[in-house]
Every structure is written in C-alpha cells, then in structure tokens.
Amino acid sequence: MSMPTLVLIGELDDWSPAAACKAMMKRRNRDSPIQLIVYPDAHHVFDAPRQQGQRYFGHWLEYNTVAAEQASEEVRKFLAEHLAR
C-alpha cells in the first residue's frame, strides 16, 4: 500500500480473521504506511452499539465498548496526523 491505511479489527472476529491481517503485515513492504490494531476481546462490528450479540450468517456480531472507544481514538489520531499534511 502506498497510502496511509489504518486497519482496526477484533481478534475474535471470525468473519475477517485477524490472523489474515497479521500475515499481511508480515508480507508487506516495510515502507508501507499501514498500521494494524487488533482488539483482543472484540468480535466483528465491535464498534456498532446496536449489535448486542447475535449470530448472522454463521458469524458472531457483538459490540465492545472498550474496543469501540479505543478505535475511535485511533481514528481521530490517524486522521489528525494524515489530514494535517
């Protein structure tokens, strides 16, 4: 990737596995401006407050307050850094 990219994912996400993102980070060019943050106790849609825990197409969806708040802060920092240029 040549553009700054921020990937926020839950470790417990069985829809978009964090392991695949971690593997991508190992394969990437070290100069690629990509940042990966994995939230250990978070599932898919961890940042959607209306998801109180449900199965959807065989995948578990669940909101996680702590991960959502941390992710919001990371997005604010990322945008401030990359849009200020």
# chains A, B, ... in the order shown; residues from 1 in each chain; ligands from 1
$ residues_around --residues "Ala19 (chain A)" --least-positions-apart "6" --cutoff "12 Å" --atoms "only C-alpha atoms" --output "PyMOL selection string"
chain A and resi 9-13+25-26+36-38+40
$ write_last_selection --atoms "N, CA, C and O atoms" --output "compact mmCIF listing (two decimals), in the first residue's frame"
# COMPACT_ATOMS: atom_id res chain seq x y z
N ILE A 9 -9.32 -4.22 13.87
CA ILE A 9 -10.03 -5.49 13.78
C ILE A 9 -10.06 -6.18 15.14
O ILE A 9 -9.15 -6.02 15.95
N GLY A 10 -11.14 -6.92 15.36
CA GLY A 10 -11.25 -7.70 16.59
C GLY A 10 -10.55 -9.04 16.45
O GLY A 10 -10.65 -9.69 15.41
N GLU A 11 -9.84 -9.43 17.47
CA GLU A 11 -9.15 -10.72 17.48
C GLU A 11 -10.13 -11.88 17.37
O GLU A 11 -9.84 -12.91 16.80
N LEU A 12 -11.32 -11.71 17.93
CA LEU A 12 -12.31 -12.78 17.95
C LEU A 12 -13.19 -12.77 16.70
O LEU A 12 -14.15 -13.52 16.61
N ASP A 13 -12.86 -11.93 15.75
CA ASP A 13 -13.65 -11.79 14.53
C ASP A 13 -13.46 -13.02 13.65
O ASP A 13 -12.37 -13.27 13.15
N MET A 25 0.60 -8.13 7.30
CA MET A 25 1.59 -7.20 7.84
C MET A 25 3.00 -7.77 7.75
O MET A 25 3.95 -7.03 7.53
N LYS A 26 3.14 -9.07 7.88
CA LYS A 26 4.46 -9.70 7.77
C LYS A 26 4.97 -9.69 6.34
O LYS A 26 6.18 -9.63 6.10
N LEU A 36 -1.82 -1.67 11.77
CA LEU A 36 -2.81 -2.67 12.18
C LEU A 36 -2.96 -2.62 13.68
O LEU A 36 -1.96 -2.67 14.42
N ILE A 37 -4.21 -2.52 14.14
CA ILE A 37 -4.50 -2.59 15.57
C ILE A 37 -5.54 -3.69 15.75
O ILE A 37 -6.61 -3.66 15.13
N VAL A 38 -5.19 -4.66 16.59
CA VAL A 38 -6.07 -5.80 16.86
C VAL A 38 -6.57 -5.67 18.29
O VAL A 38 -5.79 -5.52 19.23
N PRO A 40 -8.09 -7.51 21.31
CA PRO A 40 -8.11 -8.92 21.74
C PRO A 40 -9.49 -9.47 22.11
O PRO A 40 -9.74 -10.64 21.87
$ residues_around --residues "region 48-51 of chain A" --least-positions-apart "6" --cutoff "7 Å" --atoms "only C-alpha atoms" --output "ChimeraX atom specification"
/A:61-63
$ residues_around --residues "Glu81 (chain A)" --least-positions-apart "5" --cutoff "12 Å" --atoms "only C-alpha atoms" --output "number ranges by chain"
A: 4-6, 74-76
$ select_by_dssp --residues "chain A" --states "strand (DSSP E)" --output "JSON, numbers by chain"
{"A": [5, 6, 7, 8, 9, 10, 34, 35, 36, 37, 38, 39, 54, 55, 56, 59, 60, 61]}
$ closest_residue --among "A:Gly58, A:Tyr39, A:Ala18, A:Ala23" --to "Ala71 (chain A)" --atoms "only C-alpha atoms"
A:Tyr39
$ closest_residue --among "A:Leu79, A:Val7, A:Ala20, A:Met1" --to "Pro33 (chain A)" --atoms "only C-alpha atoms"
A:Met1
$ atom_distance --atom1 "CA of Arg55 (chain A)" --atom2 "CA of Ala68 (chain A)"
19.4 Å
$ closest_residue --among "A:Trp15, A:Met24, A:Ile34, A:Gln52" --to "His82 (chain A)" --atoms "only C-alpha atoms"
A:Ile34
$ atom_distance --atom1 "CA of Arg27 (chain A)" --atom2 "CA of Ser2 (chain A)"
14.4 Å
$ atom_distance --atom1 "CA of Pro17 (chain A)" --atom2 "CA of Asp31 (chain A)"
23.8 Å
$ closest_residue --among "A:Arg28, A:Ala80, A:Gly53, A:Asp41" --to "Val66 (chain A)" --atoms "only C-alpha atoms"
A:Asp41
$ closest_residue --among "A:Ala67, A:Ala42, A:Met3, A:Cys21" --to "Leu83 (chain A)" --atoms "only C-alpha atoms"
A:Met3
$ select_by_dssp --residues "chain A" --states "alpha helix (DSSP H)" --output "PyMOL selection string"
chain A and resi 18-27+65-83
$ write_last_selection --atoms "N, CA, C and O atoms" --output "short mmCIF file (atom, residue, chain, number, x, y, z; two decimals), in the first residue's frame"
data_model
loop_
_atom_site.label_atom_id
_atom_site.label_comp_id
_atom_site.auth_asym_id
_atom_site.auth_seq_id
_atom_site.Cartn_x
_atom_site.Cartn_y
_atom_site.Cartn_z
N ALA A 18 -8.37 -11.88 12.08
CA ALA A 18 -7.22 -11.05 12.42
C ALA A 18 -5.92 -11.72 11.99
O ALA A 18 -4.95 -11.04 11.64
N ALA A 19 -5.91 -13.04 12.00
CA ALA A 19 -4.69 -13.77 11.59
C ALA A 19 -4.31 -13.42 10.15
O ALA A 19 -3.12 -13.31 9.83
N ALA A 20 -5.30 -13.24 9.28
CA ALA A 20 -5.01 -12.87 7.89
C ALA A 20 -4.38 -11.47 7.82
O ALA A 20 -3.47 -11.23 7.03
N CYS A 21 -4.87 -10.56 8.65
CA CYS A 21 -4.31 -9.21 8.68
C CYS A 21 -2.88 -9.23 9.23
O CYS A 21 -2.01 -8.53 8.72
N LYS A 22 -2.66 -10.04 10.25
CA LYS A 22 -1.31 -10.16 10.81
C LYS A 22 -0.35 -10.75 9.78
O LYS A 22 0.79 -10.30 9.65
N ALA A 23 -0.81 -11.72 9.02
CA ALA A 23 0.02 -12.32 7.97
C ALA A 23 0.33 -11.30 6.89
O ALA A 23 1.47 -11.23 6.38
N MET A 24 -0.65 -10.48 6.53
CA MET A 24 -0.44 -9.43 5.54
C MET A 24 0.62 -8.44 6.02
O MET A 24 1.47 -8.02 5.25
N MET A 25 0.60 -8.13 7.30
CA MET A 25 1.59 -7.20 7.84
C MET A 25 3.00 -7.77 7.75
O MET A 25 3.95 -7.03 7.53
N LYS A 26 3.14 -9.07 7.88
CA LYS A 26 4.46 -9.70 7.77
C LYS A 26 4.97 -9.69 6.34
O LYS A 26 6.18 -9.63 6.10
N ARG A 27 4.04 -9.74 5.37
CA ARG A 27 4.42 -9.79 3.95
C ARG A 27 4.62 -8.41 3.34
O ARG A 27 5.22 -8.29 2.27
N THR A 65 -17.64 -2.00 24.04
CA THR A 65 -17.48 -0.59 24.41
C THR A 65 -16.02 -0.17 24.46
O THR A 65 -15.64 0.87 23.90
N VAL A 66 -15.20 -0.94 25.13
CA VAL A 66 -13.78 -0.57 25.30
C VAL A 66 -13.08 -0.51 23.96
O VAL A 66 -12.40 0.47 23.64
N ALA A 67 -13.25 -1.54 23.15
CA ALA A 67 -12.60 -1.57 21.83
C ALA A 67 -13.12 -0.43 20.95
O ALA A 67 -12.35 0.21 20.23
N ALA A 68 -14.43 -0.17 21.01
CA ALA A 68 -15.01 0.90 20.19
C ALA A 68 -14.44 2.25 20.58
O ALA A 68 -14.10 3.07 19.71
N GLU A 69 -14.31 2.51 21.87
CA GLU A 69 -13.76 3.79 22.32
C GLU A 69 -12.29 3.91 21.92
O GLU A 69 -11.85 4.97 21.48
N GLN A 70 -11.53 2.83 22.07
CA GLN A 70 -10.12 2.86 21.67
C GLN A 70 -9.98 3.06 20.17
O GLN A 70 -9.13 3.83 19.71
N ALA A 71 -10.82 2.39 19.40
CA ALA A 71 -10.78 2.52 17.94
C ALA A 71 -11.13 3.95 17.52
O ALA A 71 -10.49 4.51 16.62
N SER A 72 -12.12 4.55 18.16
CA SER A 72 -12.48 5.94 17.83
C SER A 72 -11.31 6.88 18.07
O SER A 72 -11.04 7.77 17.26
N GLU A 73 -10.61 6.67 19.16
CA GLU A 73 -9.45 7.49 19.46
C GLU A 73 -8.35 7.27 18.41
O GLU A 73 -7.71 8.23 17.95
N GLU A 74 -8.13 6.03 18.02
CA GLU A 74 -7.12 5.73 16.99
C GLU A 74 -7.47 6.38 15.66
O GLU A 74 -6.60 6.89 14.96
N VAL A 75 -8.74 6.38 15.30
CA VAL A 75 -9.17 7.01 14.05
C VAL A 75 -8.94 8.52 14.12
O VAL A 75 -8.44 9.13 13.17
N ARG A 76 -9.29 9.13 15.26
CA ARG A 76 -9.05 10.58 15.41
C ARG A 76 -7.56 10.91 15.26
O ARG A 76 -7.20 11.85 14.55
N LYS A 77 -6.70 10.12 15.90
CA LYS A 77 -5.25 10.36 15.81
C LYS A 77 -4.76 10.17 14.37
O LYS A 77 -3.98 10.97 13.86
N PHE A 78 -5.23 9.10 13.73
CA PHE A 78 -4.82 8.79 12.37
C PHE A 78 -5.22 9.93 11.42
O PHE A 78 -4.41 10.40 10.61
N LEU A 79 -6.47 10.38 11.52
CA LEU A 79 -6.93 11.46 10.64
C LEU A 79 -6.21 12.77 10.93
O LEU A 79 -5.85 13.49 10.00
N ALA A 80 -6.01 13.08 12.20
CA ALA A 80 -5.29 14.31 12.53
C ALA A 80 -3.89 14.29 11.95
O ALA A 80 -3.40 15.30 11.43
N GLU A 81 -3.23 13.15 12.03
CA GLU A 81 -1.86 13.04 11.51
C GLU A 81 -1.82 13.11 9.99
O GLU A 81 -0.97 13.81 9.41
N HIS A 82 -2.74 12.45 9.32
CA HIS A 82 -2.65 12.33 7.87
C HIS A 82 -3.43 13.38 7.09
O HIS A 82 -3.13 13.62 5.92
N LEU A 83 -4.37 14.04 7.72
CA LEU A 83 -5.09 15.11 7.04
C LEU A 83 -4.47 16.48 7.29
O LEU A 83 -4.78 17.43 6.60
#
